[in-house]
Amino acid sequence: MQIEFYKYQGTGNDFVMIDNRTNTFPKEDITLIAHLCDRRFGIGGDGLILLENDAETDFKMVYYNSDGNQSTMCGNGGRCLVAFAKKLHVIKNNCSFIAIDGLHQASVTEDGIVSLQMIDVTEIKTDLNYTFLNTGSPHHVELVDDLEHFNVKENGAAIRYGGLYGEEGSNINFVKQINDSTFSIRTYERGVEDETLACGTGATAVAIAMNATGLTTATAIDVNVEGGKLAVSFDRKDNQYTNVFLIGPAEFVFKGSIAI
């Protein structure tokens with residue numbers, strides 16, 4: 001069986017995209033999905049995303065980590081899927097879609113900048129050394145010295161697999177403040193079990209966490225990731241964060257087919 005796929009990337013987060021509106025992809029096959037995401041024996045990607053039909057929105061997003069397991073929301077993956085939907089002529093410039101964490105609104109410009117509405121954030125846990133919140137996926141946010149030389153994989157894995165978050169674990173973000181409204185981050189992603197060049201829900205979590213802890217009063221924040229630049233904006237009332245948007249580029253890389 002031949003599977004047609006598209007490869008997209010958003011600030012270095014790369015994804016295998018498959019149009020599954022005919023429901024022909026064997027999406028319960030974890031081994032196959034992991035194989036397709038393998039960078040040496042498959043196509044290669046931080047994750048695999050299926051675009052499917054939905055009765056009430058423009059499309060449905062089904063996201064898998066590179067280990068083959070279906071996972072929580074992926075912000076950069078969602079942005080890339082919006083660009084993919086436009087390429088397939090499923091949408092024009094604006095859309096709504098359903099994902100595992102609920103309804104999302106999004107828009108895409110002619111030059112490929114996608115603005116994706118994320119879920120509202122109403123619960124934020126602050127500790128002496130870190131902040132924890134859920135932006136569609138769980139995120140641990142921690143300021144560190146010398147971010148450039150920090151061992152993200154080793155330290156991220158230690159927190160992810162430590163006792164703090166139990167068996168389910170969390171994504172781990174390490175942060176450096178650049179100025180009042182700009183932060184640099186590096187992220188260890190569960191499911192990938194390594195550092196990735198970007199994480200959209202992580203960038204969103206960092207922006208909100210930095211505002212919630214008083215390190216910035218800005219509600220429009222620039223986030224430098226290893227693969228480029230993202231922006232996050234939101235409205236804040238007390239400790240409620242609404243109208244949260246993740247903004248950045250989403251780019252088509254190549255198209256191909258693979259025998260499975």
# chains A, B, ... in the order shown; residues from 1 in each chain; ligands from 1
>>> residues_around(residues="segment 193-206 of chain A", least_positions_apart="2", cutoff="7 Å", atoms="only C-alpha atoms", output="PyMOL selection string")
chain A and resi 11-13+74-76+133+135-137+139+141+152-153+173+187-191+208-210+223+225-227+232+246
>>> select_by_dssp(residues="segment 13-203 of chain A", states="strand (DSSP E or B)", output="PyMOL selection string")
chain A and resi 13-19+47-52+59-65+70+94-99+102-108+113-117+121+124-126+131-134+138-143+171-179+182-189+194-196
>>> residues_around(residues="segment 146-148 of chain A", least_positions_apart="5", cutoff="12 Å", atoms="only C-alpha atoms", output="ChimeraX atom specification")
/A:155,173-178,183-187,224-226
>>> residues_around(residues="Ile124 of chain A", least_positions_apart="2", cutoff="10 Å", atoms="only C-alpha atoms", output="PyMOL selection string")
chain A and resi 121-122+126-127+131-134+205+208-209+212-213+239-240
>>> write_last_selection(atoms="N, CA, C and O atoms", output="mmCIF file, in the first residue's frame")
data_model
loop_
_atom_site.group_PDB
_atom_site.id
_atom_site.type_symbol
_atom_site.label_atom_id
_atom_site.label_comp_id
_atom_site.auth_asym_id
_atom_site.auth_seq_id
_atom_site.Cartn_x
_atom_site.Cartn_y
_atom_site.Cartn_z
ATOM 1 N N VAL A 121 -6.213 29.522 29.615
ATOM 2 C CA VAL A 121 -5.456 28.974 30.741
ATOM 3 C C VAL A 121 -5.992 29.604 32.027
ATOM 4 O O VAL A 121 -5.965 30.833 32.180
ATOM 5 N N THR A 122 -6.476 28.767 32.917
ATOM 6 C CA THR A 122 -7.079 29.254 34.160
ATOM 7 C C THR A 122 -6.395 28.705 35.409
ATOM 8 O O THR A 122 -6.661 29.188 36.509
ATOM 9 N N THR A 126 2.587 27.720 40.690
ATOM 10 C CA THR A 126 3.904 28.336 40.828
ATOM 11 C C THR A 126 4.621 27.770 42.036
ATOM 12 O O THR A 126 4.031 27.604 43.104
ATOM 13 N N ASP A 127 5.879 27.467 41.861
ATOM 14 C CA ASP A 127 6.734 26.951 42.920
ATOM 15 C C ASP A 127 7.954 27.860 43.010
ATOM 16 O O ASP A 127 8.124 28.773 42.200
ATOM 17 N N THR A 131 7.326 26.894 37.221
ATOM 18 C CA THR A 131 5.895 27.106 37.033
ATOM 19 C C THR A 131 5.363 25.949 36.207
ATOM 20 O O THR A 131 6.041 25.457 35.300
ATOM 21 N N PHE A 132 4.141 25.500 36.522
ATOM 22 C CA PHE A 132 3.527 24.415 35.751
ATOM 23 C C PHE A 132 2.146 24.857 35.289
ATOM 24 O O PHE A 132 1.359 25.417 36.053
ATOM 25 N N LEU A 133 1.852 24.603 34.003
ATOM 26 C CA LEU A 133 0.554 24.929 33.447
ATOM 27 C C LEU A 133 0.283 24.053 32.232
ATOM 28 O O LEU A 133 1.199 23.432 31.689
ATOM 29 N N ASN A 134 -0.980 24.027 31.813
ATOM 30 C CA ASN A 134 -1.383 23.234 30.659
ATOM 31 C C ASN A 134 -1.882 24.168 29.571
ATOM 32 O O ASN A 134 -2.837 24.921 29.778
ATOM 33 N N ALA A 205 3.218 28.356 26.858
ATOM 34 C CA ALA A 205 3.322 28.182 28.307
ATOM 35 C C ALA A 205 4.342 29.129 28.914
ATOM 36 O O ALA A 205 4.114 29.723 29.975
ATOM 37 N N ILE A 208 2.979 32.814 29.030
ATOM 38 C CA ILE A 208 1.994 32.994 30.100
ATOM 39 C C ILE A 208 2.655 32.896 31.470
ATOM 40 O O ILE A 208 2.363 33.689 32.378
ATOM 41 N N ALA A 209 3.564 31.929 31.636
ATOM 42 C CA ALA A 209 4.242 31.763 32.920
ATOM 43 C C ALA A 209 5.061 32.981 33.296
ATOM 44 O O ALA A 209 5.094 33.404 34.458
ATOM 45 N N ALA A 212 2.592 35.568 34.419
ATOM 46 C CA ALA A 212 1.951 35.190 35.679
ATOM 47 C C ALA A 212 2.876 35.368 36.874
ATOM 48 O O ALA A 212 2.426 35.684 37.981
ATOM 49 N N THR A 213 4.177 35.191 36.658
ATOM 50 C CA THR A 213 5.139 35.308 37.754
ATOM 51 C C THR A 213 5.732 36.706 37.871
ATOM 52 O O THR A 213 6.604 36.953 38.697
ATOM 53 N N ASN A 239 -6.224 36.086 37.102
ATOM 54 C CA ASN A 239 -5.327 34.995 36.715
ATOM 55 C C ASN A 239 -5.911 34.156 35.586
ATOM 56 O O ASN A 239 -5.542 32.988 35.413
ATOM 57 N N GLN A 240 -6.796 34.757 34.809
ATOM 58 C CA GLN A 240 -7.415 34.073 33.685
ATOM 59 C C GLN A 240 -6.770 34.579 32.389
ATOM 60 O O GLN A 240 -6.724 35.792 32.147
#
>>> closest_residue(among="A:Ile172, A:Val114, A:Met1, A:Ala106", to="Tyr130 of chain A", atoms="only C-alpha atoms")
A:Ile172
>>> residues_around(residues="segment 14-24 of chain A", least_positions_apart="2", cutoff="9 Å", atoms="only C-alpha atoms", output="VMD selection string")
chain A and resid 3 to 12 26 to 27 36 to 37 43 to 53 59 76 to 77 80 to 81 84 to 85 88 197
>>> closest_residue(among="A:Asn211, A:Ser115, A:Asn151, A:Asn171", to="Ala250 of chain A", atoms="only C-alpha atoms")
A:Ser115
>>> closest_residue(among="A:Leu116, A:Gln70, A:Ala55, A:Lys92", to="Phe234 of chain A", atoms="only C-alpha atoms")
A:Leu116
>>> closest_residue(among="A:Leu164, A:Ala99, A:Leu128, A:Leu32", to="Ser71 of chain A", atoms="only C-alpha atoms")
A:Ala99
>>> residues_around(residues="Asn69 of chain A", least_positions_apart="4", cutoff="7 Å", atoms="only C-alpha atoms", output="ChimeraX atom specification")
/A:30,64-65
>>> write_last_selection(atoms="C-alpha atoms", output="compact mmCIF listing (two decimals), in the first residue's frame")
# COMPACT_ATOMS: atom_id res chain seq x y z
CA ILE A 30 1.71 2.53 16.61
CA TYR A 64 0.91 11.45 17.16
CA ASN A 65 4.29 11.84 18.82
>>> atom_distance(atom1="atom CA of Glu28 of chain A", atom2="atom CA of His89 of chain A")
27.0 Å
>>> residues_around(residues="Phe41 of chain A", least_positions_apart="6", cutoff="12 Å", atoms="only C-alpha atoms", output="PyMOL selection string")
chain A and resi 32-35+258
>>> write_last_selection(atoms="all heavy atoms", output="PDB file, in the first residue's frame")
ATOM      1  N   LEU A  32       3.872   1.382  12.960  1.00  0.00           N
ATOM      2  CA  LEU A  32       3.962   2.040  11.653  1.00  0.00           C
ATOM      3  C   LEU A  32       4.199   3.537  11.809  1.00  0.00           C
ATOM      4  O   LEU A  32       5.063   4.106  11.125  1.00  0.00           O
ATOM      5  CB  LEU A  32       2.683   1.799  10.850  1.00  0.00           C
ATOM      6  CG  LEU A  32       2.555   2.624   9.563  1.00  0.00           C
ATOM      7  CD1 LEU A  32       3.661   2.261   8.573  1.00  0.00           C
ATOM      8  CD2 LEU A  32       1.178   2.445   8.937  1.00  0.00           C
ATOM      9  N   ILE A  33       3.454   4.185  12.691  1.00  0.00           N
ATOM     10  CA  ILE A  33       3.594   5.628  12.873  1.00  0.00           C
ATOM     11  C   ILE A  33       4.994   5.971  13.367  1.00  0.00           C
ATOM     12  O   ILE A  33       5.626   6.915  12.877  1.00  0.00           O
ATOM     13  CB  ILE A  33       2.507   6.152  13.834  1.00  0.00           C
ATOM     14  CG1 ILE A  33       1.126   5.986  13.183  1.00  0.00           C
ATOM     15  CG2 ILE A  33       2.756   7.620  14.191  1.00  0.00           C
ATOM     16  CD1 ILE A  33      -0.037   6.197  14.120  1.00  0.00           C
ATOM     17  N   ALA A  34       5.497   5.190  14.319  1.00  0.00           N
ATOM     18  CA  ALA A  34       6.862   5.405  14.810  1.00  0.00           C
ATOM     19  C   ALA A  34       7.881   5.212  13.692  1.00  0.00           C
ATOM     20  O   ALA A  34       8.863   5.956  13.582  1.00  0.00           O
ATOM     21  CB  ALA A  34       7.157   4.468  15.979  1.00  0.00           C
ATOM     22  N   HIS A  35       7.644   4.232  12.834  1.00  0.00           N
ATOM     23  CA  HIS A  35       8.530   3.978  11.694  1.00  0.00           C
ATOM     24  C   HIS A  35       8.529   5.162  10.733  1.00  0.00           C
ATOM     25  O   HIS A  35       9.591   5.596  10.264  1.00  0.00           O
ATOM     26  CB  HIS A  35       8.112   2.713  10.961  1.00  0.00           C
ATOM     27  CG  HIS A  35       8.809   2.525   9.639  1.00  0.00           C
ATOM     28  ND1 HIS A  35      10.137   2.192   9.536  1.00  0.00           N
ATOM     29  CD2 HIS A  35       8.354   2.662   8.360  1.00  0.00           C
ATOM     30  CE1 HIS A  35      10.483   2.125   8.260  1.00  0.00           C
ATOM     31  NE2 HIS A  35       9.416   2.397   7.529  1.00  0.00           N
ATOM     32  N   ILE A 258       5.278   6.663   0.219  1.00  0.00           N
ATOM     33  CA  ILE A 258       6.054   5.603   0.860  1.00  0.00           C
ATOM     34  C   ILE A 258       5.218   4.339   0.913  1.00  0.00           C
ATOM     35  O   ILE A 258       4.010   4.395   1.115  1.00  0.00           O
ATOM     36  CB  ILE A 258       6.523   6.024   2.269  1.00  0.00           C
ATOM     37  CG1 ILE A 258       7.514   5.026   2.857  1.00  0.00           C
ATOM     38  CG2 ILE A 258       5.344   6.270   3.208  1.00  0.00           C
ATOM     39  CD1 ILE A 258       8.196   5.516   4.122  1.00  0.00           C
TER      40      ILE A 258
END
>>> closest_residue(among="A:Asn129, A:Thr57, A:Thr31, A:Thr72", to="Gln105 of chain A", atoms="only C-alpha atoms")
A:Thr57
